[in-house]
Structure formats: structure tokens, C-alpha cells
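Q: Quick one, query07.cif (mmCIF, C-alpha atoms):
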data_data
#
loop_
_atom_site.label_atom_id
_atom_site.label_comp_id
_atom_site.auth_asym_id
_atom_site.auth_seq_id
_atom_site.Cartn_x
_atom_site.Cartn_y
_atom_site.Cartn_z
CA MET A 1448 0.00 0.00 0.00
CA PRO A 1449 1.77 3.23 -1.13
CA SER A 1450 2.17 5.74 1.68
CA ALA A 1451 1.63 8.86 -0.46
CA LEU A 1452 -1.99 8.01 -1.31
CA PRO A 1453 -3.01 5.06 0.85
CA LEU A 1454 -6.68 4.87 -0.13
CA THR A 1455 -8.52 4.91 -3.44
CA ASP A 1456 -11.52 7.12 -4.11
CA ALA A 1457 -13.70 4.01 -3.92
CA GLN A 1458 -12.35 3.08 -0.49
CA ASP A 1459 -12.90 6.62 0.75
CA ALA A 1460 -16.49 6.54 -0.54
CA ASP A 1461 -17.11 3.13 1.05
CA PHE A 1462 -16.01 4.39 4.45
CA HIS A 1463 -18.23 7.46 4.34
CA ARG A 1464 -21.23 5.44 3.13
CA ASP A 1465 -20.87 2.42 5.41
CA GLY A 1466 -19.05 3.83 8.45
CA TYR A 1467 -16.26 1.27 8.16
CA LEU A 1468 -13.63 -0.02 5.74
CA PHE A 1469 -11.77 -3.33 5.58
CA ILE A 1470 -8.19 -3.36 4.31
CA GLU A 1471 -6.85 -6.88 3.89
CA HIS A 1472 -3.10 -7.44 4.31
CA PHE A 1473 -2.76 -4.05 6.00
CA LEU A 1474 0.16 -5.69 7.77
CA ASP A 1475 2.07 -8.11 5.59
CA ALA A 1476 2.88 -11.64 6.74
CA GLU A 1477 6.18 -10.71 8.42
CA GLU A 1478 4.73 -7.64 10.18
CA THR A 1479 1.80 -9.72 11.39
CA ARG A 1480 4.14 -12.39 12.74
CA LEU A 1481 6.18 -9.76 14.58
CA LEU A 1482 3.04 -8.27 16.14
CA GLN A 1483 1.84 -11.71 17.25
CA GLU A 1484 5.23 -12.56 18.71
CA ALA A 1485 5.48 -9.26 20.57
CA CYS A 1486 2.08 -9.16 22.22
CA ARG A 1487 2.03 -12.85 23.21
CA ALA A 1488 5.31 -12.41 25.11
CA ASP A 1489 4.64 -8.88 26.40
CA GLY A 1490 4.71 -9.20 30.17
CA VAL A 1491 4.40 -5.43 30.73
CA LEU A 1492 1.30 -5.19 28.52
CA GLN A 1493 -0.33 -8.17 30.17
CA ALA A 1494 0.53 -7.03 33.69
CA HIS A 1495 -1.35 -3.77 33.07
CA ALA A 1496 -4.44 -5.36 31.54
CA MET A 1497 -7.85 -4.47 32.96
CA ALA A 1498 -10.23 -7.42 33.27
CA VAL A 1499 -13.47 -5.91 31.93
CA LYS A 1500 -16.61 -7.94 32.53
CA ASP A 1501 -19.60 -8.16 30.22
CA ALA A 1502 -23.22 -8.42 31.35
CA ALA A 1503 -22.82 -12.19 31.83
CA GLY A 1504 -19.67 -11.79 33.94
CA ARG A 1505 -17.20 -13.04 31.30
CA ARG A 1506 -13.90 -11.17 31.16
CA THR A 1507 -11.87 -9.56 28.40
CA ASN A 1508 -8.34 -8.38 29.15
CA LEU A 1509 -7.84 -4.79 27.97
CA SER A 1510 -4.49 -2.96 28.05
CA LEU A 1511 -4.75 0.75 27.16
CA TRP A 1512 -2.10 3.45 26.70
CA ASN A 1513 -2.29 7.07 25.56
CA HIS A 1514 0.99 7.76 23.80
CA PRO A 1515 2.69 5.52 21.23
CA GLY A 1516 5.80 3.94 22.68
CA ASN A 1517 9.13 2.90 21.24
CA ASP A 1518 7.83 -0.55 20.40
CA ILE A 1519 6.12 -2.36 17.56
CA TYR A 1520 2.67 -1.05 18.56
CA GLY A 1521 3.96 2.52 18.43
CA MET A 1522 5.51 2.00 15.01
CA ILE A 1523 2.22 0.62 13.65
CA ALA A 1524 0.24 3.52 15.14
CA ARG A 1525 2.65 6.13 13.73
CA SER A 1526 3.34 4.47 10.37
CA GLU A 1527 2.69 6.53 7.26
CA ARG A 1528 0.28 3.94 5.87
CA MET A 1529 -1.81 4.19 9.02
CA VAL A 1530 -1.74 7.92 9.71
CA ASN A 1531 -2.09 8.97 6.07
CA ALA A 1532 -5.14 6.73 5.67
CA VAL A 1533 -6.78 8.12 8.82
CA GLU A 1534 -6.05 11.71 7.76
CA GLN A 1535 -7.53 11.04 4.34
CA LEU A 1536 -10.72 9.61 5.84
CA LEU A 1537 -11.14 12.37 8.44
CA GLY A 1538 -9.91 15.24 6.26
CA ASP A 1539 -7.55 16.77 8.79
CA GLU A 1540 -4.30 16.31 10.66
CA VAL A 1541 -4.83 13.67 13.34
CA TYR A 1542 -3.16 12.73 16.59
CA HIS A 1543 -2.96 9.53 18.59
CA TYR A 1544 -5.87 9.49 21.04
CA HIS A 1545 -4.93 6.12 22.52
CA SER A 1546 -4.27 2.48 21.62
CA LYS A 1547 -5.34 -0.73 23.28
CA LEU A 1548 -4.89 -4.46 23.10
CA SER A 1549 -8.18 -6.34 23.49
CA ALA A 1550 -7.54 -9.99 24.36
CA LYS A 1551 -10.42 -12.46 24.38
CA GLN A 1552 -9.08 -15.70 25.73
CA PRO A 1553 -10.51 -19.06 24.60
CA ARG A 1554 -13.71 -20.17 26.34
CA VAL A 1555 -13.72 -17.28 28.82
CA GLY A 1556 -13.39 -14.11 26.71
CA GLY A 1557 -16.34 -11.78 27.20
CA ALA A 1558 -18.64 -9.93 24.84
CA TRP A 1559 -18.51 -6.22 24.09
CA GLU A 1560 -21.94 -4.62 24.31
CA TRP A 1561 -23.38 -2.50 21.49
CA HIS A 1562 -21.74 0.91 21.61
CA GLN A 1563 -20.27 3.82 19.69
CA ASP A 1564 -16.77 4.97 20.56
CA TYR A 1565 -17.98 8.59 20.42
CA GLY A 1566 -20.74 7.60 22.82
CA TYR A 1567 -18.21 8.07 25.61
CA TRP A 1568 -15.51 10.16 23.91
CA TYR A 1569 -18.18 12.87 23.75
CA LYS A 1570 -17.95 13.03 27.56
CA ASN A 1571 -14.23 13.82 27.28
CA GLY A 1572 -14.83 17.25 25.76
CA CYS A 1573 -14.64 16.26 22.08
CA LEU A 1574 -17.21 18.49 20.35
CA PHE A 1575 -17.34 16.62 17.04
CA PRO A 1576 -17.47 12.91 16.14
CA ASP A 1577 -14.52 13.39 13.77
CA MET A 1578 -12.65 10.45 15.26
CA LEU A 1579 -12.05 6.86 14.26
CA SER A 1580 -10.52 3.60 15.38
CA VAL A 1581 -8.52 0.97 13.53
CA PHE A 1582 -8.85 -2.65 14.67
CA ILE A 1583 -5.95 -4.84 13.47
CA ALA A 1584 -6.55 -8.57 13.81
CA VAL A 1585 -3.77 -10.30 15.72
CA ASP A 1586 -5.61 -13.63 15.47
CA ARG A 1587 -8.11 -14.92 12.96
CA CYS A 1588 -11.44 -13.33 13.88
CA THR A 1589 -14.53 -15.48 13.34
CA LYS A 1590 -18.12 -15.67 14.49
CA GLU A 1591 -17.07 -18.52 16.78
CA ASN A 1592 -14.41 -16.57 18.68
CA GLY A 1593 -16.32 -13.31 18.96
CA CYS A 1594 -15.40 -11.18 15.95
CA MET A 1595 -16.63 -7.61 15.79
CA GLN A 1596 -20.06 -6.88 14.36
CA VAL A 1597 -21.10 -3.51 12.90
CA LEU A 1598 -24.34 -1.98 11.67
CA ARG A 1599 -23.66 -0.72 8.16
CA GLY A 1600 -24.36 3.01 7.88
CA SER A 1601 -25.13 3.47 11.59
CA GLN A 1602 -22.72 6.40 11.85
CA ARG A 1603 -25.40 8.48 10.13
CA MET A 1604 -27.64 8.09 13.20
CA GLY A 1605 -25.44 10.46 15.19
CA ARG A 1606 -24.48 9.95 18.81
CA ILE A 1607 -26.76 7.69 20.88
CA GLU A 1608 -27.12 7.93 24.65
CA HIS A 1609 -25.00 5.40 26.54
CA GLY A 1610 -25.43 3.72 29.91
CA PHE A 1611 -23.98 0.59 31.52
CA ALA A 1612 -24.14 -3.17 31.00
CA GLY A 1613 -21.93 -5.13 33.38
CA GLU A 1614 -18.73 -3.05 33.58
CA GLN A 1615 -19.10 -1.65 30.07
CA THR A 1616 -20.51 1.43 28.41
CA GLY A 1617 -23.39 0.41 26.15
CA ALA A 1618 -25.70 2.21 23.74
CA ASP A 1619 -29.44 2.64 24.38
CA LEU A 1620 -30.72 -0.84 23.49
CA GLU A 1621 -34.17 0.34 22.43
CA ARG A 1622 -32.55 2.48 19.75
CA VAL A 1623 -30.09 -0.29 18.82
CA GLU A 1624 -32.93 -2.80 18.33
CA GLN A 1625 -34.75 -0.40 16.03
CA ALA A 1626 -31.54 0.26 14.08
CA LYS A 1627 -31.03 -3.50 13.61
CA LYS A 1628 -34.39 -3.67 11.84
CA ARG A 1629 -33.28 -1.16 9.22
CA LEU A 1630 -29.53 -1.57 8.88
CA GLU A 1631 -27.44 -4.53 7.74
CA LEU A 1632 -25.59 -6.44 10.45
CA VAL A 1633 -22.06 -7.27 9.25
CA TYR A 1634 -19.84 -9.86 10.94
CA CYS A 1635 -16.26 -8.64 10.65
CA GLU A 1636 -14.50 -11.95 10.05
CA MET A 1637 -10.84 -11.13 9.47
CA GLU A 1638 -7.54 -12.84 8.83
CA PRO A 1639 -4.52 -11.79 10.94
CA GLY A 1640 -3.06 -8.54 9.62
CA THR A 1641 -6.38 -7.25 8.28
CA ALA A 1642 -7.41 -3.75 9.43
CA LEU A 1643 -10.92 -2.48 10.07
CA PHE A 1644 -11.24 1.32 10.03
CA PHE A 1645 -14.49 2.47 11.65
CA HIS A 1646 -16.07 5.83 12.41
CA GLY A 1647 -16.55 7.06 15.97
CA ASN A 1648 -20.34 6.85 15.60
CA THR A 1649 -20.47 3.39 14.02
CA LEU A 1650 -22.43 1.00 16.22
CA HIS A 1651 -20.45 -2.15 16.93
CA THR A 1652 -20.44 -5.12 19.28
CA SER A 1653 -18.92 -8.59 19.62
CA ASP A 1654 -20.00 -11.87 21.16
CA ALA A 1655 -18.20 -13.86 23.84
CA ASN A 1656 -15.38 -16.16 22.77
CA LEU A 1657 -16.70 -19.66 23.48
CA SER A 1658 -14.29 -21.29 21.03
CA ASP A 1659 -10.89 -22.86 21.73
CA GLN A 1660 -9.09 -20.11 19.75
CA PRO A 1661 -7.95 -16.72 21.08
CA ARG A 1662 -9.22 -13.46 19.58
CA TRP A 1663 -6.75 -10.66 20.17
CA GLY A 1664 -6.79 -7.31 18.42
CA LEU A 1665 -4.71 -4.13 18.43
CA ILE A 1666 -6.91 -1.02 18.28
CA CYS A 1667 -5.40 2.38 17.41
CA CYS A 1668 -7.67 5.40 17.99
CA TYR A 1669 -7.28 8.87 16.49
CA ASN A 1670 -8.73 12.34 16.95
CA THR A 1671 -8.55 15.31 14.58
CA LYS A 1672 -6.58 18.45 15.32
CA HIS A 1673 -9.68 20.65 14.91
CA ASN A 1674 -11.48 18.48 17.49
CA ASP A 1675 -8.97 19.18 20.25
CA PRO A 1676 -10.96 18.54 23.48
CA TYR A 1677 -12.02 21.69 25.30
CA LYS A 1678 -11.15 20.25 28.71
CA GLU A 1679 -8.53 18.02 30.28
CA HIS A 1680 -9.39 14.35 30.67
CA HIS A 1681 -7.64 11.00 30.87
CA HIS A 1682 -6.82 10.85 27.13
CA PRO A 1683 -4.51 13.39 25.43
CA ARG A 1684 -5.47 16.73 24.03
CA TYR A 1685 -3.96 17.59 20.64
CA THR A 1686 -0.40 16.25 20.57
CA PRO A 1687 1.53 16.43 17.26
CA LEU A 1688 2.12 12.94 15.91
CA ALA A 1689 5.49 12.18 14.33
CA LYS A 1690 4.92 9.79 11.45
CA VAL A 1691 7.47 7.09 10.70
CA ALA A 1692 8.19 5.26 7.47
CA ASP A 1693 6.33 2.00 6.98
CA SER A 1694 9.68 0.23 7.09
CA ALA A 1695 9.98 1.18 10.78
CA ILE A 1696 7.62 -1.66 11.72
CA LYS A 1697 10.00 -4.38 10.53
CA ALA A 1698 13.02 -2.39 11.68
CA MET A 1699 11.59 -2.30 15.21
CA GLY A 1700 10.94 -6.04 15.12
CA ALA A 1701 8.96 -7.83 17.83
CA LYS A 1702 9.91 -5.31 20.50
CA PRO A 1703 7.36 -5.34 23.34
CA THR A 1704 6.34 -2.55 25.68
CA GLU A 1705 9.03 -0.74 27.66
CA ALA A 1706 8.68 -0.77 31.45
CA ALA A 1707 8.27 3.02 31.54
CA GLN A 1708 5.16 3.03 29.34
CA GLY A 1709 2.11 4.52 31.03
CA PHE A 1710 -1.22 2.67 31.05
CA LEU A 1711 -4.77 3.66 31.91
CA MET A 1712 -6.23 1.69 34.77
CA GLN A 1713 -9.92 1.37 35.64
CA ASP A 1714 -9.86 3.73 38.60
CA ALA A 1715 -8.30 6.48 36.42
CA ASP A 1716 -11.02 6.38 33.73
CA ASP A 1717 -13.15 9.45 34.39
CA THR A 1718 -15.32 9.08 31.27
CA THR A 1719 -17.52 6.59 33.03
CA ARG A 1720 -17.51 8.52 36.29
CA ARG A 1721 -19.23 11.35 34.43
CA LEU A 1722 -21.97 8.88 33.48
CA GLU A 1723 -22.26 6.75 36.58
CA PRO A 1724 -19.79 5.77 39.32
CA GLY A 1725 -18.02 2.46 39.53
CA ALA A 1726 -17.81 1.11 35.98
CA ALA A 1727 -15.13 0.73 33.32
CA LYS A 1728 -15.51 1.70 29.70
CA ASN A 1729 -15.31 -0.73 26.84
CA ALA A 1730 -13.53 -0.67 23.52
#
Using C-alpha cells, write down the structure from this file.
A:
Amino acid sequence: MPSALPLTDAQDADFHRDGYLFIEHFLDAEETRLLQEACRADGVLQAHAMAVKDAAGRRTNLSLWNHPGNDIYGMIARSERMVNAVEQLLGDEVYHYHSKLSAKQPRVGGAWEWHQDYGYWYKNGCLFPDMLSVFIAVDRCTKENGCMQVLRGSQRMGRIEHGFAGEQTGADLERVEQAKKRLELVYCEMEPGTALFFHGNTLHTSDANLSDQPRWGLICCYNTKHNDPYKEHHHPRYTPLAKVADSAIKAMGAKPTEAAQGFLMQDADDTTRRLEPGAAKNA
């Protein structure tokens, strides 16, 4: 994928119509292998994982950090292919809002309730929904192991009110059920290395992982410069992002998180405290 113009006009149009865009082989085979090797052996990442429960009490391990580190995750998040694509889709300079590793373990990995990312980013002082996330499949994502599901075109509904289900932020289910009657439900089955770009207002969910295969994903989230939050919160305000060449991913190799990397923990997440005390947000 050339860095200078990462997306075609057709891809750009698909994203704005559907609220999401698949890019297969976003990471090539070697880059995917390096990512898998790094996160499986990353003791720092795993030690800082939050165990977020769904409504049924099943747990997903979620590690979340605000600033890209000097590791393979940081090189992916800052790579020209990534940042140029996000800037093309959002039409502005972007910065790294945060990244996270969502790890659904076999048999015990929990569901993520229906939600919009902007459903809670709105509470952080972001005036506009000009934000998006990129889910990169670390493992093969299938219906059986709890792949993401999206409602095609749901970003056009605007922001929906969010409350709580288990320890997660979830969208108003009455509105979600009505949307499901009118919009196509898409199961995002993905091979490792595939990327799913999705708008901040796109409704998405995933089922529990009841299979014997893991379902891990790296999620990089971005905000636009013009949408710099008007107040301080637990994610960064506008912070210039230094792009790196795509080749930096392989040059970094399977380098895991450095010990000095900062992580968000559940008791530091004030998005949910603005909604209701005592719950952790989902992703």
C-alpha cells in the first residue's frame, strides 16, 4: 500500500457510506508475525491489563495506553500507511488518542456490548465525532471466537445515549434494536493482519469467545486536530504525531512494551464517572 496516497476514491467513498472499511493485508505476513510474537510475550502489557466484565460476567483483558511507545505497537500507530489513511478519511491532521490491546481468551473471553466509541468520547470534551478507530486482527477473527459486528451506515444516526451493562458502556438498546431492523448487520471476520477502520459513531459489538481459539486485536484510535478537546481528561489533548516510514515496523521487530510506558487503569477512567460511578468503559 503506497504511503503517499493510501486509499482509493472508492475506499474513501465506502467508508463514508458504510461507516467502516476493511483493508486486507494491511500488515504483511512478516509484520503480522512480529506483532503476534510481541504481544504474546509482552509481560508489561499483560501485567497492566484491565479485566473488563460483560453483562454475563465473562472477562476480556484490555491494556490501554495514551501515547505511542518505542515498540512495535507505536511504530504501527505512527506508520505513514496508518496515519495517512486516517487523515484522508477524516480530512484533517490527526493525533494519537490512545491504543489498546483487546484480548479475548478461549472459552472465557467476554462480549462487548453494542456501543459507539464517540458515545463516551463525547464526555471527554470532544465536540465533534470526527474520530475513528482501527482494529488490526492479531488472530483470525470469526463468528465462533467473537469477531466484531457492525451496523452498516449506523454512523449516520449520530451519537446515541449510553449507559452501563456489566462493567461496560453500552448504547441505548431500544434504539439499537430499532436500528437493527433497518440496517445490515455485518460480521467482521478477518484474517490476521487485516485492518478495520471504523467511524466514531459506528455502532459495533462482539460476542463472547466460546471457542478454543484466542481473539486478540490491536486497536489504534485517532482524533482530529480541529477536534482538540475543550477540557482536560484521561486521554490526550492535541499532541503532534510524528509519522514514521512504513519500514519502521519491521526495523523495530517484535519489540514489546518498555517498562516506563504509562497505562490507563480502571480507577483512572473518568469518562464513566461522568456517566455513573463504579464502571469501566469498553472498547
Q: Region 1685-1687 of chain A: which residues within 9 Å, counting all atoms listed in the file, same-chain residues fewer than 4 positions away excluded, as a count of residues only?
A: 12
Q: For this file, the PyMOL selection byres ((chain A and resi 1496) around 7) selects which residues, as an MDAnalysis selection string?
A: chainID A and resid 1492:1495 1497:1498 1508:1510
Q: Just the selected residues (C-alpha atoms), exported as an mmCIF file, in the frame of the given file, please.
A:
data_model
loop_
_atom_site.group_PDB
_atom_site.id
_atom_site.type_symbol
_atom_site.label_atom_id
_atom_site.label_comp_id
_atom_site.auth_asym_id
_atom_site.auth_seq_id
_atom_site.Cartn_x
_atom_site.Cartn_y
_atom_site.Cartn_z
ATOM 1 C CA LEU A 1492 1.300 -5.190 28.520
ATOM 2 C CA GLN A 1493 -0.330 -8.170 30.170
ATOM 3 C CA ALA A 1494 0.530 -7.030 33.690
ATOM 4 C CA HIS A 1495 -1.350 -3.770 33.070
ATOM 5 C CA MET A 1497 -7.850 -4.470 32.960
ATOM 6 C CA ALA A 1498 -10.230 -7.420 33.270
ATOM 7 C CA ASN A 1508 -8.340 -8.380 29.150
ATOM 8 C CA LEU A 1509 -7.840 -4.790 27.970
ATOM 9 C CA SER A 1510 -4.490 -2.960 28.050
#
Q: Decode the PyMOL selection byres ((chain A and resi 1597) around 10) for the given file into explicit residues and return them as a ChimeraX atom specification.
A: /A:1465-1467,1561-1562,1595-1596,1598-1601,1627,1630-1635,1645,1649-1653
Q: Kindly resolve the PyMOL selection byres ((chain A and resi 1572) around 12) on the present coordinates and return the residues as a list in words.
A: Tyr1565, Gly1566, Tyr1567, Trp1568, Tyr1569, Lys1570, Asn1571, Cys1573, Leu1574, Phe1575, Pro1576, Asn1670, Asn1674, Asp1675, Pro1676, Tyr1677, Lys1678, Glu1679, His1680, His1681, His1682, Pro1683, Arg1684, Asp1717, Thr1718 and Arg1721 of chain A
Q: Counting only C-alpha atoms, which of A:Asp1459, A:Glu1471, A:Glu1705, A:Glu1608 gets nearest to Leu1643 (chain A)?
A: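 Looking at the shortest contact to Leu1643 (chain A), the residue is A:Glu1471.
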Q: Using only C-alpha atoms, which residues sit within 7 Å of Gly1700 (chain A) once same-chain residues fewer than 2 positions away are excluded, as a compact mmCIF listing (two decimals) with C-alpha atoms, keeping the file's coordinate frame?
A:
# COMPACT_ATOMS: atom_id res chain seq x y z
CA LEU A 1481 6.18 -9.76 14.58
CA ILE A 1519 6.12 -2.36 17.56
CA ILE A 1696 7.62 -1.66 11.72
CA LYS A 1697 10.00 -4.38 10.53
CA ALA A 1698 13.02 -2.39 11.68
CA LYS A 1702 9.91 -5.31 20.50
Q: Hey, can you check how far CA of His1472 (chain A) sits from CA of Gly1664 (chain A)?
A: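 About the pair CA of His1472 (chain A) and CA of Gly1664 (chain A): they are 14.6 Å apart.
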Q: Please, what distance in Å, to one decimal, runs between CA of Ala1558 (chain A) and CA of Asp1461 (chain A)?
A: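 These two atoms are separated by 27.2 Å.
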Q: Counting all atoms listed in the file, figure out which residue out of A:Met1637, A:Met1578, A:Val1623, A:Met1529 gets nearest to Lys1590 (chain A).
A: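 Selected residue with least distance to Lys1590 (chain A): A:Met1637.
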Q: Could you check the closest approach to Gln1483 (chain A) for each of A:Asp1659, A:Leu1548, A:Glu1560, A:Leu1620 and tell me which residue wins, using only C-alpha atoms?
A: A:Leu1548
Q: Any idea what's packed within 8 Å of Phe1469 (chain A), counting only C-alpha atoms, ignoring anything in its chain fewer than 6 positions away? Could you give it as a tab-separated table (two decimals) with C-alpha atoms, in the frame of the given file?
A:
chain	number	residue	atom	x	y	z
A	1641	THR	CA	-6.38	-7.25	8.28
A	1642	ALA	CA	-7.41	-3.75	9.43
A	1643	LEU	CA	-10.92	-2.48	10.07
A	1644	PHE	CA	-11.24	1.32	10.03
Q: Excluding Arg1506 (chain A) and its own-chain neighbours fewer than 5 positions away, which residues fall within 10 Å of it when counting only C-alpha atoms? Please give them as a ChimeraX atom specification.
A: /A:1497-1501,1550-1552,1555-1559,1614,1655-1656
Q: Keeping only C-alpha atoms, write the selected residues as a short mmCIF file (atom, residue, chain, number, x, y, z; two decimals), keeping the file's coordinate frame.
A:
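Contents of out.cif, as written:
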data_model
loop_
_atom_site.label_atom_id
_atom_site.label_comp_id
_atom_site.auth_asym_id
_atom_site.auth_seq_id
_atom_site.Cartn_x
_atom_site.Cartn_y
_atom_site.Cartn_z
CA MET A 1497 -7.85 -4.47 32.96
CA ALA A 1498 -10.23 -7.42 33.27
CA VAL A 1499 -13.47 -5.91 31.93
CA LYS A 1500 -16.61 -7.94 32.53
CA ASP A 1501 -19.60 -8.16 30.22
CA ALA A 1550 -7.54 -9.99 24.36
CA LYS A 1551 -10.42 -12.46 24.38
CA GLN A 1552 -9.08 -15.70 25.73
CA VAL A 1555 -13.72 -17.28 28.82
CA GLY A 1556 -13.39 -14.11 26.71
CA GLY A 1557 -16.34 -11.78 27.20
CA ALA A 1558 -18.64 -9.93 24.84
CA TRP A 1559 -18.51 -6.22 24.09
CA GLU A 1614 -18.73 -3.05 33.58
CA ALA A 1655 -18.20 -13.86 23.84
CA ASN A 1656 -15.38 -16.16 22.77
#
Q: Using all atoms listed in the file for the distances, tell me which of A:Glu1478, A:Leu1665, A:Pro1515, A:His1609 is nearest to Met1699 (chain A).
A: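 Going through A:Glu1478, A:Leu1665, A:Pro1515, A:His1609 one by one, the smallest distance to Met1699 (chain A) is for A:Glu1478.
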Q: Taking all atoms of region 1475-1485 of chain A that appear in the file, build a box with edges along x, y and z, extend it by 5 Å on every side, and state its centre and edge lengths in Å to one decimal, as JSON.
A:
{"center_x": 4.0, "center_y": -10.1, "center_z": 13.1, "size_x": 14.4, "size_y": 14.9, "size_z": 25.0}
Q: Under the rule of at most 6 Å, produce a per-residue listing of region 1512-1563 of chain A near region 1688-1693 of chain A: chain, number, name, the closest pair of atoms, and the distance in Å, as JSON lines, using all atoms listed in the file.
A:
{"residue": "A:Arg1525", "atom": "CA", "partner": "A:Lys1690", "partner_atom": "CA", "distance": 4.9}
{"residue": "A:Ser1526", "atom": "CA", "partner": "A:Val1691", "partner_atom": "CA", "distance": 4.9}
{"residue": "A:Glu1527", "atom": "CA", "partner": "A:Ala1692", "partner_atom": "CA", "distance": 5.6}
{"residue": "A:Tyr1542", "atom": "CA", "partner": "A:Leu1688", "partner_atom": "CA", "distance": 5.3}
Q: Residues within 8 Å of (0.6, 1.5, 29.2), file coordinates, counting all atoms listed in the file: what are they? Give the list as a VMD selection string.
A: chain A and resid 1492 1495 1510 to 1513 1704 1708 to 1711
Q: Give me, please, the distance in Å between CA of Asn1648 (chain A) and CA of Arg1606 (chain A), quoted to one decimal.
A: 6.1 Å
Q: Here is a test: counting all atoms listed in the file, which residue of A:Gly1617, A:Leu1657, A:Pro1703, A:His1463 is nearest to Ala1502 (chain A)?
A: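 Smallest separation from Ala1502 (chain A) among the options: A:Gly1617.
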Q: So which residues are close to (-3.8, 7.0, 3.5), meaning at most 12 Å away in the file's coordinates with all atoms listed in the file counted, and can you show them as a PDB file with C-alpha atoms, keeping the file's coordinate frame?
A:
ATOM      1  CA  MET A1448       0.000   0.000   0.000  1.00  0.00           C
ATOM      2  CA  PRO A1449       1.770   3.230  -1.130  1.00  0.00           C
ATOM      3  CA  SER A1450       2.170   5.740   1.680  1.00  0.00           C
ATOM      4  CA  ALA A1451       1.630   8.860  -0.460  1.00  0.00           C
ATOM      5  CA  LEU A1452      -1.990   8.010  -1.310  1.00  0.00           C
ATOM      6  CA  PRO A1453      -3.010   5.060   0.850  1.00  0.00           C
ATOM      7  CA  LEU A1454      -6.680   4.870  -0.130  1.00  0.00           C
ATOM      8  CA  THR A1455      -8.520   4.910  -3.440  1.00  0.00           C
ATOM      9  CA  ASP A1456     -11.520   7.120  -4.110  1.00  0.00           C
ATOM     10  CA  GLN A1458     -12.350   3.080  -0.490  1.00  0.00           C
ATOM     11  CA  ASP A1459     -12.900   6.620   0.750  1.00  0.00           C
ATOM     12  CA  ILE A1470      -8.190  -3.360   4.310  1.00  0.00           C
ATOM     13  CA  PHE A1473      -2.760  -4.050   6.000  1.00  0.00           C
ATOM     14  CA  SER A1526       3.340   4.470  10.370  1.00  0.00           C
ATOM     15  CA  GLU A1527       2.690   6.530   7.260  1.00  0.00           C
ATOM     16  CA  ARG A1528       0.280   3.940   5.870  1.00  0.00           C
ATOM     17  CA  MET A1529      -1.810   4.190   9.020  1.00  0.00           C
ATOM     18  CA  VAL A1530      -1.740   7.920   9.710  1.00  0.00           C
ATOM     19  CA  ASN A1531      -2.090   8.970   6.070  1.00  0.00           C
ATOM     20  CA  ALA A1532      -5.140   6.730   5.670  1.00  0.00           C
ATOM     21  CA  VAL A1533      -6.780   8.120   8.820  1.00  0.00           C
ATOM     22  CA  GLU A1534      -6.050  11.710   7.760  1.00  0.00           C
ATOM     23  CA  GLN A1535      -7.530  11.040   4.340  1.00  0.00           C
ATOM     24  CA  LEU A1536     -10.720   9.610   5.840  1.00  0.00           C
ATOM     25  CA  LEU A1537     -11.140  12.370   8.440  1.00  0.00           C
ATOM     26  CA  GLY A1538      -9.910  15.240   6.260  1.00  0.00           C
ATOM     27  CA  ASP A1539      -7.550  16.770   8.790  1.00  0.00           C
ATOM     28  CA  GLU A1540      -4.300  16.310  10.660  1.00  0.00           C
ATOM     29  CA  VAL A1541      -4.830  13.670  13.340  1.00  0.00           C
ATOM     30  CA  PHE A1644     -11.240   1.320  10.030  1.00  0.00           C
ATOM     31  CA  ASP A1693       6.330   2.000   6.980  1.00  0.00           C
TER      32      ASP A1693
END
Q: Please determine, counting all atoms listed in the file, which residue among A:Arg1487, A:Lys1547, A:Arg1554, A:Arg1603 has the shortest atom-to-atom distance to Ala1626 (chain A).
A: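 Looking only at the distances to Ala1626 (chain A), the closest residue turns out to be A:Arg1603.
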